Amino acid sequence: MASKTKKQAILIQSPKGMHDILPEDYELYQKVYEKAEEISEYYGFSPIQTPHLERTELFGASLGETSDIIEKQMYTLRTTGGNHLALRPEGTVGVMRAYLEHGMHTLPQPVMLRYKGSFFRHERPQKGRYREFQQFGLEIINEEKASAEAIVIKILTLTLEELGAGPIIVRINSLGDKDCKAGYRKDLLSYYRKKINGLCKSCQKRYKTNPLRLLDCKEEGCAEIKKEAPQMINYLCNPCKQHFKEVLEFLDSSGIPYFLDTYLVRGLDYYSRTVFEIFKDSKKKQEGEAENEVEETQIALGGGGRYDYLAKMLSRKDFPAIGGGLGVDRVVQLLKEKDAKAKTNKTPKVFFVQLGSAAKHKSLDIMEKFRKTHLSVAQSMGKDSLKGQMKIADKLNVPYALIMGQKEVMEESIIIHDMNSRAQETVSVDKVVEIIKQKIK
RNA sequence: GUGGUCGUAGCUCAAUAGGUAGAGCACUCGGUUGUGGUCCGAGCGGUUGCGGGUUCAAAUCCCGUCGAUCACCCCA
């Protein structure tokens with residue numbers, strides 16, 4: 001291996017917060033995506049892929065100009081033509097944009113879409129939180145009924161459970177709609193106005209920028225003040241109350257474990273009514289413990305919420321909608337920790353060993369023969385020595401090696417070498433595929 | 001963006017109280033002619049993340065920087 005110079009050492013380092021998904025992990029990512037897609041397919045979700053780049057203003061108009069994502073977490077660029085584009089920091093906005101652009105309201109409603117891929121946020125990386133991260137998401141557009149929430153949450157939790165990431169628990173809350181939200185906000189502000197001096201620094205800032213988030217602070221002093229603070233749940237207007245009640249009823253009847261967390265808020269402007277997050281339920285339910293609580297530091301595997309106003313922010317029409325997603329990196333991380341390794345049967349069953357140029361030239365023919373019957377053949381055509389090739393075959397753990405040398409080429413035969421018993425038999429090239437097929441069964 | 005911890009070969013780690021880097025695994029080759037897993041031998045591979053400072057002397061101390069990690073912020 002060539003030694004690295006200083007410059008090269010930096011060159012071959014991936015950018016901060018970006019990571020390679022290596023072959024051994026790729027299988028797991030694949031597994032997560034496949035499970036999520038399989039389940040959502042059954043529930044009627046169609047796949048969609050939107051661009052990684054969108055107009056920068058699109059996100060500003062929808063996520064909220066003062067949200068952290070817009071203020072400091074977006075990767076933006078200017079094209080040579082002078083357009084301002086941004087790498088998508090989340091998936092919902094792009095999907096909604098596509099819905100509006102293509103007039104999907106003329107399709108049977110609601111429109112149910114799923115998507116997957118990379119998203120980008122320029123923030124300080126941490127375990128399970130990357131600057132380029134993988135997400136699987138669902139959106140149900142133009143549906144105001146609580147059943148939509150139920151379907152999204154059900155699919156996400158089902159996916160996690162079937163992957164072996166369970167047991168999980170859903171943390172859920174309602175933010176109300178534009179009417180009741182405002183009343184609550186007003187009362188919340190007036191409650192906090194008197195106590196602002198008792199708040200921590202960042203909360204004093206939150207008071208101005210994002211008062212709902214005051215409820216999320218973990219500082220002792222703030223937590224104390226929070227206890228007496230008015231709760232959104234008591235401010236919900238009747239329609240919102242009814243809606244939320246229905247959502248919870250759906251969760252009950254479909255056996256999804258959840259707990260109500262009146263402090264759960266989301267920073268994005270477009271959220272209304274239902275918001276939720278999905279966690280691994282690591283705490284065993286013990287007797288006497290009435291409430292399920294998630295450890296403060298635990299990371300959400302997924303989340304989402306209703307965004308009834310997003311469409312209106314981008315167009316003239318109203319399309320109530322709900323969406324949710326899974327943080328695939330986090331799910332994979334969890335599965336790895338649980339040692340639920342994806343055992344793939346993709347390793348080849350046969351290794352082709354060639355000796356001499358005549359046999360080497362037959363290699364591709366042989367591989368093609370096997371390919372046609374859907375068997376993959378490993379080989380090491382760059383190597384000449386029999387020993388070296390056998391060694392590789394052994395490391396790959398294949399059950400059979402096929403050996404072809406000068407003699408075999410002349411006879412149009414091939415040796416089947418059983419890697420376990422070391423038994424060998426010579427068969428004709430014409431029949432080798434069939435014979436191997438039998439043996440593998 | 002703020003604060004704590006950490007950074008030695010591809011990987012896992014060593015290096016007595018500062019004295020100028022070692023091991024295992026992996027990889028390559030060999031132990032004679034067309035046969036693997038064990039064993040034996042050899043080789044490859046690091047100016048100790050990078051840059052500067054203190055010192056006769058630094059992987060080891062100090063500063064900066066980059067990266068990882070944890071907490072905050074925020075979120076998937």
# chains A, B, ... in the order shown; residues from 1 in each chain; ligands from 1
>>> residues_around(residues="U48 of chain B", least_positions_apart="2", cutoff="10 Å", atoms="only C-alpha atoms (C1' of nucleotides)", output="NGL selection string")
:B and (7-9 or 21 or 46 or 59-60)
>>> write_last_selection(atoms="N, CA and C atoms (P, O5', C5', C4', C3', O3' and C1' of nucleotides)", output="PDB file, in the first residue's frame")
ATOM      1  P     G B   7      -6.238   9.838  22.628  1.00  0.00           P
ATOM      2  O5'   G B   7      -6.596   9.886  21.053  1.00  0.00           O
ATOM      3  C5'   G B   7      -7.128   8.698  20.397  1.00  0.00           C
ATOM      4  C4'   G B   7      -7.101   8.955  18.906  1.00  0.00           C
ATOM      5  C3'   G B   7      -5.679   9.246  18.417  1.00  0.00           C
ATOM      6  O3'   G B   7      -5.017   8.160  17.803  1.00  0.00           O
ATOM      7  C1'   G B   7      -7.246  10.984  17.769  1.00  0.00           C
ATOM      8  P     U B   8      -5.551   7.004  16.917  1.00  0.00           P
ATOM      9  O5'   U B   8      -4.178   6.530  16.267  1.00  0.00           O
ATOM     10  C5'   U B   8      -3.258   7.536  15.821  1.00  0.00           C
ATOM     11  C4'   U B   8      -1.868   6.968  15.888  1.00  0.00           C
ATOM     12  C3'   U B   8      -1.708   5.567  15.315  1.00  0.00           C
ATOM     13  O3'   U B   8      -1.600   5.617  13.903  1.00  0.00           O
ATOM     14  C1'   U B   8      -0.612   5.687  17.390  1.00  0.00           C
ATOM     15  P     A B   9      -2.680   4.821  13.097  1.00  0.00           P
ATOM     16  O5'   A B   9      -1.896   4.396  11.775  1.00  0.00           O
ATOM     17  C5'   A B   9      -2.527   3.525  10.859  1.00  0.00           C
ATOM     18  C4'   A B   9      -1.504   2.587  10.290  1.00  0.00           C
ATOM     19  C3'   A B   9      -2.092   1.318   9.669  1.00  0.00           C
ATOM     20  O3'   A B   9      -2.144   1.404   8.259  1.00  0.00           O
ATOM     21  C1'   A B   9      -0.094   0.908  10.882  1.00  0.00           C
ATOM     22  P     A B  21      11.698   5.783  16.702  1.00  0.00           P
ATOM     23  O5'   A B  21      11.406   4.469  17.523  1.00  0.00           O
ATOM     24  C5'   A B  21      10.744   3.381  16.930  1.00  0.00           C
ATOM     25  C4'   A B  21       9.583   3.011  17.824  1.00  0.00           C
ATOM     26  C3'   A B  21       8.803   1.834  17.268  1.00  0.00           C
ATOM     27  O3'   A B  21       9.258   0.664  17.916  1.00  0.00           O
ATOM     28  C1'   A B  21       7.345   3.641  17.717  1.00  0.00           C
ATOM     29  P     G B  46       3.911   3.659   5.369  1.00  0.00           P
ATOM     30  O5'   G B  46       3.335   4.656   6.453  1.00  0.00           O
ATOM     31  C5'   G B  46       2.349   4.254   7.338  1.00  0.00           C
ATOM     32  C4'   G B  46       2.322   5.147   8.541  1.00  0.00           C
ATOM     33  C3'   G B  46       3.416   6.212   8.629  1.00  0.00           C
ATOM     34  O3'   G B  46       2.919   7.439   8.099  1.00  0.00           O
ATOM     35  C1'   G B  46       3.246   5.014  10.686  1.00  0.00           C
ATOM     36  P     A B  59       7.579  12.201  18.965  1.00  0.00           P
ATOM     37  O5'   A B  59       6.067  12.213  19.460  1.00  0.00           O
ATOM     38  C5'   A B  59       5.010  12.176  18.525  1.00  0.00           C
ATOM     39  C4'   A B  59       3.744  11.681  19.159  1.00  0.00           C
ATOM     40  C3'   A B  59       3.502  12.181  20.580  1.00  0.00           C
ATOM     41  O3'   A B  59       2.777  13.382  20.548  1.00  0.00           O
ATOM     42  C1'   A B  59       3.242   9.817  20.516  1.00  0.00           C
ATOM     43  P     U B  60       2.991  14.518  21.637  1.00  0.00           P
ATOM     44  O5'   U B  60       2.870  13.840  23.070  1.00  0.00           O
ATOM     45  C5'   U B  60       1.605  13.540  23.674  1.00  0.00           C
ATOM     46  C4'   U B  60       1.888  12.673  24.875  1.00  0.00           C
ATOM     47  C3'   U B  60       2.435  13.400  26.092  1.00  0.00           C
ATOM     48  O3'   U B  60       1.455  13.372  27.134  1.00  0.00           O
ATOM     49  C1'   U B  60       3.715  11.451  25.570  1.00  0.00           C
TER      50        U B  60
END
>>> interface_residues(of="chain B", to="chain A", cutoff="8 Å", atoms="only C-alpha atoms (C1' of nucleotides)", output="mmCIF file with C-alpha atoms (C1' of nucleotides), in the first residue's frame")
data_model
loop_
_atom_site.group_PDB
_atom_site.id
_atom_site.type_symbol
_atom_site.label_atom_id
_atom_site.label_comp_id
_atom_site.auth_asym_id
_atom_site.auth_seq_id
_atom_site.Cartn_x
_atom_site.Cartn_y
_atom_site.Cartn_z
ATOM 1 C "C1'" G B 34 -2.355 -28.809 -10.929
ATOM 2 C "C1'" U B 35 -5.430 -28.147 -4.961
ATOM 3 C "C1'" G B 36 -7.689 -24.334 0.357
ATOM 4 C "C1'" G B 37 -8.816 -24.081 5.767
ATOM 5 C "C1'" C B 44 4.210 -4.736 2.849
ATOM 6 C "C1'" G B 45 2.399 -1.034 6.000
ATOM 7 C "C1'" C B 50 -2.407 18.169 10.770
ATOM 8 C "C1'" G B 67 -12.017 14.873 12.621
ATOM 9 C "C1'" U B 69 -17.703 11.195 20.198
ATOM 10 C "C1'" C B 74 -32.361 21.309 16.935
ATOM 11 C "C1'" A B 76 -35.040 11.970 11.431
#
>>> select_by_dssp(residues="segment 180-273 of chain A", states="strand (DSSP E)", output="number ranges by chain")
A: 258-260, 272-273
>>> closest_residue(among="B:U65, B:U20, B:C29, B:G1", to="U47 of chain B", atoms="only C-alpha atoms (C1' of nucleotides)")
B:U20
>>> residues_around(residues="G3 of chain B", least_positions_apart="4", cutoff="12 Å", atoms="only C-alpha atoms (C1' of nucleotides)", output="list in words")
C70, A71, C72 and C73 of chain B
>>> write_last_selection(atoms="N, CA and C atoms (P, O5', C5', C4', C3', O3' and C1' of nucleotides)", output="compact mmCIF listing (two decimals), in the first residue's frame")
# COMPACT_ATOMS: atom_id res chain seq x y z
P C B 70 -22.28 9.84 20.20
O5' C B 70 -22.28 10.67 21.56
C5' C B 70 -22.18 9.98 22.79
C4' C B 70 -22.06 10.98 23.91
C3' C B 70 -23.14 12.06 23.96
O3' C B 70 -24.33 11.60 24.55
C1' C B 70 -21.03 13.05 24.27
P A B 71 -25.71 12.29 24.12
O5' A B 71 -25.64 13.70 24.85
C5' A B 71 -25.73 13.77 26.27
C4' A B 71 -25.50 15.18 26.74
C3' A B 71 -26.38 16.25 26.12
O3' A B 71 -27.68 16.30 26.67
C1' A B 71 -24.16 17.01 26.15
P C B 72 -28.88 16.79 25.75
O5' C B 72 -28.55 18.34 25.54
C5' C B 72 -28.54 19.23 26.65
C4' C B 72 -28.11 20.60 26.21
C3' C B 72 -28.95 21.26 25.13
O3' C B 72 -30.13 21.83 25.66
C1' C B 72 -26.66 21.59 24.65
P C B 73 -31.46 21.71 24.77
O5' C B 73 -31.08 22.53 23.47
C5' C B 73 -30.92 23.95 23.52
C4' C B 73 -30.54 24.45 22.15
C3' C B 73 -31.47 24.04 21.02
O3' C B 73 -32.61 24.89 20.94
C1' C B 73 -29.25 23.65 20.37
>>> atom_distance(atom1="atom CA of Ile415 of chain A", atom2="atom CA of Val427 of chain A")
6.3 Å
>>> residues_around(residues="C11 of chain B", least_positions_apart="6", cutoff="12 Å", atoms="only C-alpha atoms (C1' of nucleotides)", output="list of chain:residue names")
B:G24, B:C25, B:A26, B:C27
>>> write_last_selection(atoms="C-alpha atoms (C1' of nucleotides)", output="compact mmCIF listing (two decimals), in the first residue's frame")
# COMPACT_ATOMS: atom_id res chain seq x y z
C1' G B 24 -2.03 -9.42 17.04
C1' C B 25 -5.48 -9.64 12.97
C1' A B 26 -5.75 -8.50 7.76
C1' C B 27 -2.95 -8.23 3.15
>>> select_by_dssp(residues="segment 142-389 of chain A", states="helix (DSSP H, G or I)", output="MDAnalysis selection string")
chainID A and resid 146:162 178:198 201:209 211:216 220:228 232:234 238:253 310:314 328:337 356:372 386:389
>>> decode(residues="segment 94-124 of chain A", atoms="N, CA and C atoms", output="tab-separated table (two decimals), in the first residue's frame")
chain	number	residue	atom	x	y	z
A	94	GLY	N	-40.81	18.96	-0.66
A	94	GLY	CA	-40.61	18.58	-2.06
A	94	GLY	C	-41.79	17.78	-2.59
A	95	VAL	N	-42.30	16.89	-1.76
A	95	VAL	CA	-43.42	16.06	-2.19
A	95	VAL	C	-44.67	16.93	-2.39
A	96	MET	N	-44.89	17.84	-1.48
A	96	MET	CA	-46.04	18.74	-1.62
A	96	MET	C	-45.89	19.60	-2.88
A	97	ARG	N	-44.67	20.07	-3.10
A	97	ARG	CA	-44.42	20.86	-4.31
A	97	ARG	C	-44.78	20.06	-5.55
A	98	ALA	N	-44.39	18.80	-5.57
A	98	ALA	CA	-44.68	17.94	-6.72
A	98	ALA	C	-46.19	17.72	-6.87
A	99	TYR	N	-46.85	17.55	-5.74
A	99	TYR	CA	-48.30	17.35	-5.75
A	99	TYR	C	-49.00	18.54	-6.41
A	100	LEU	N	-48.57	19.73	-6.03
A	100	LEU	CA	-49.18	20.94	-6.56
A	100	LEU	C	-48.80	21.15	-8.03
A	101	GLU	N	-47.53	20.96	-8.31
A	101	GLU	CA	-47.04	21.21	-9.67
A	101	GLU	C	-47.72	20.31	-10.69
A	102	HIS	N	-47.94	19.06	-10.32
A	102	HIS	CA	-48.50	18.11	-11.27
A	102	HIS	C	-50.01	17.94	-11.15
A	103	GLY	N	-50.62	18.83	-10.41
A	103	GLY	CA	-52.07	18.78	-10.29
A	103	GLY	C	-52.59	17.46	-9.81
A	104	MET	N	-51.96	16.91	-8.81
A	104	MET	CA	-52.36	15.59	-8.33
A	104	MET	C	-53.71	15.61	-7.63
A	105	HIS	N	-54.26	16.80	-7.43
A	105	HIS	CA	-55.59	16.86	-6.82
A	105	HIS	C	-56.66	16.35	-7.78
A	106	THR	N	-56.25	16.11	-9.04
A	106	THR	CA	-57.21	15.54	-9.99
A	106	THR	C	-57.20	14.01	-9.95
A	107	LEU	N	-56.29	13.46	-9.17
A	107	LEU	CA	-56.27	12.01	-8.99
A	107	LEU	C	-57.29	11.66	-7.91
A	108	PRO	N	-57.63	10.39	-7.77
A	108	PRO	CA	-58.47	10.01	-6.64
A	108	PRO	C	-57.79	10.44	-5.34
A	109	GLN	N	-58.52	11.06	-4.46
A	109	GLN	CA	-57.94	11.57	-3.22
A	109	GLN	C	-58.24	10.63	-2.06
A	110	PRO	N	-57.41	10.60	-1.04
A	110	PRO	CA	-56.15	11.33	-0.94
A	110	PRO	C	-55.05	10.68	-1.77
A	111	VAL	N	-53.99	11.42	-1.99
A	111	VAL	CA	-52.83	10.87	-2.68
A	111	VAL	C	-51.84	10.40	-1.62
A	112	MET	N	-51.44	9.16	-1.75
A	112	MET	CA	-50.54	8.58	-0.75
A	112	MET	C	-49.20	8.29	-1.39
A	113	LEU	N	-48.17	8.91	-0.88
A	113	LEU	CA	-46.86	8.77	-1.50
A	113	LEU	C	-45.79	8.36	-0.49
A	114	ARG	N	-44.81	7.64	-1.00
A	114	ARG	CA	-43.65	7.28	-0.17
A	114	ARG	C	-42.39	7.67	-0.90
A	115	TYR	N	-41.36	7.92	-0.15
A	115	TYR	CA	-40.10	8.32	-0.77
A	115	TYR	C	-38.95	7.89	0.13
A	116	LYS	N	-37.77	7.92	-0.44
A	116	LYS	CA	-36.59	7.58	0.36
A	116	LYS	C	-35.39	8.28	-0.23
A	117	GLY	N	-34.35	8.39	0.56
A	117	GLY	CA	-33.13	8.96	0.03
A	117	GLY	C	-32.38	9.82	1.00
A	118	SER	N	-31.46	10.61	0.44
A	118	SER	CA	-30.58	11.44	1.25
A	118	SER	C	-31.18	12.81	1.51
A	119	PHE	N	-30.98	13.30	2.71
A	119	PHE	CA	-31.35	14.67	3.06
A	119	PHE	C	-30.16	15.31	3.74
A	120	PHE	N	-30.16	16.64	3.72
A	120	PHE	CA	-28.94	17.33	4.15
A	120	PHE	C	-29.23	18.45	5.14
A	121	ARG	N	-28.50	18.42	6.24
A	121	ARG	CA	-28.61	19.52	7.22
A	121	ARG	C	-27.24	19.80	7.76
A	122	HIS	N	-26.89	21.08	7.69
A	122	HIS	CA	-25.58	21.46	8.18
A	122	HIS	C	-25.66	21.74	9.66
A	123	GLU	N	-25.48	20.70	10.45
A	123	GLU	CA	-25.49	20.88	11.89
A	123	GLU	C	-24.37	20.05	12.48
A	124	ARG	N	-24.15	20.20	13.76
A	124	ARG	CA	-23.05	19.49	14.42
A	124	ARG	C	-23.37	18.00	14.46
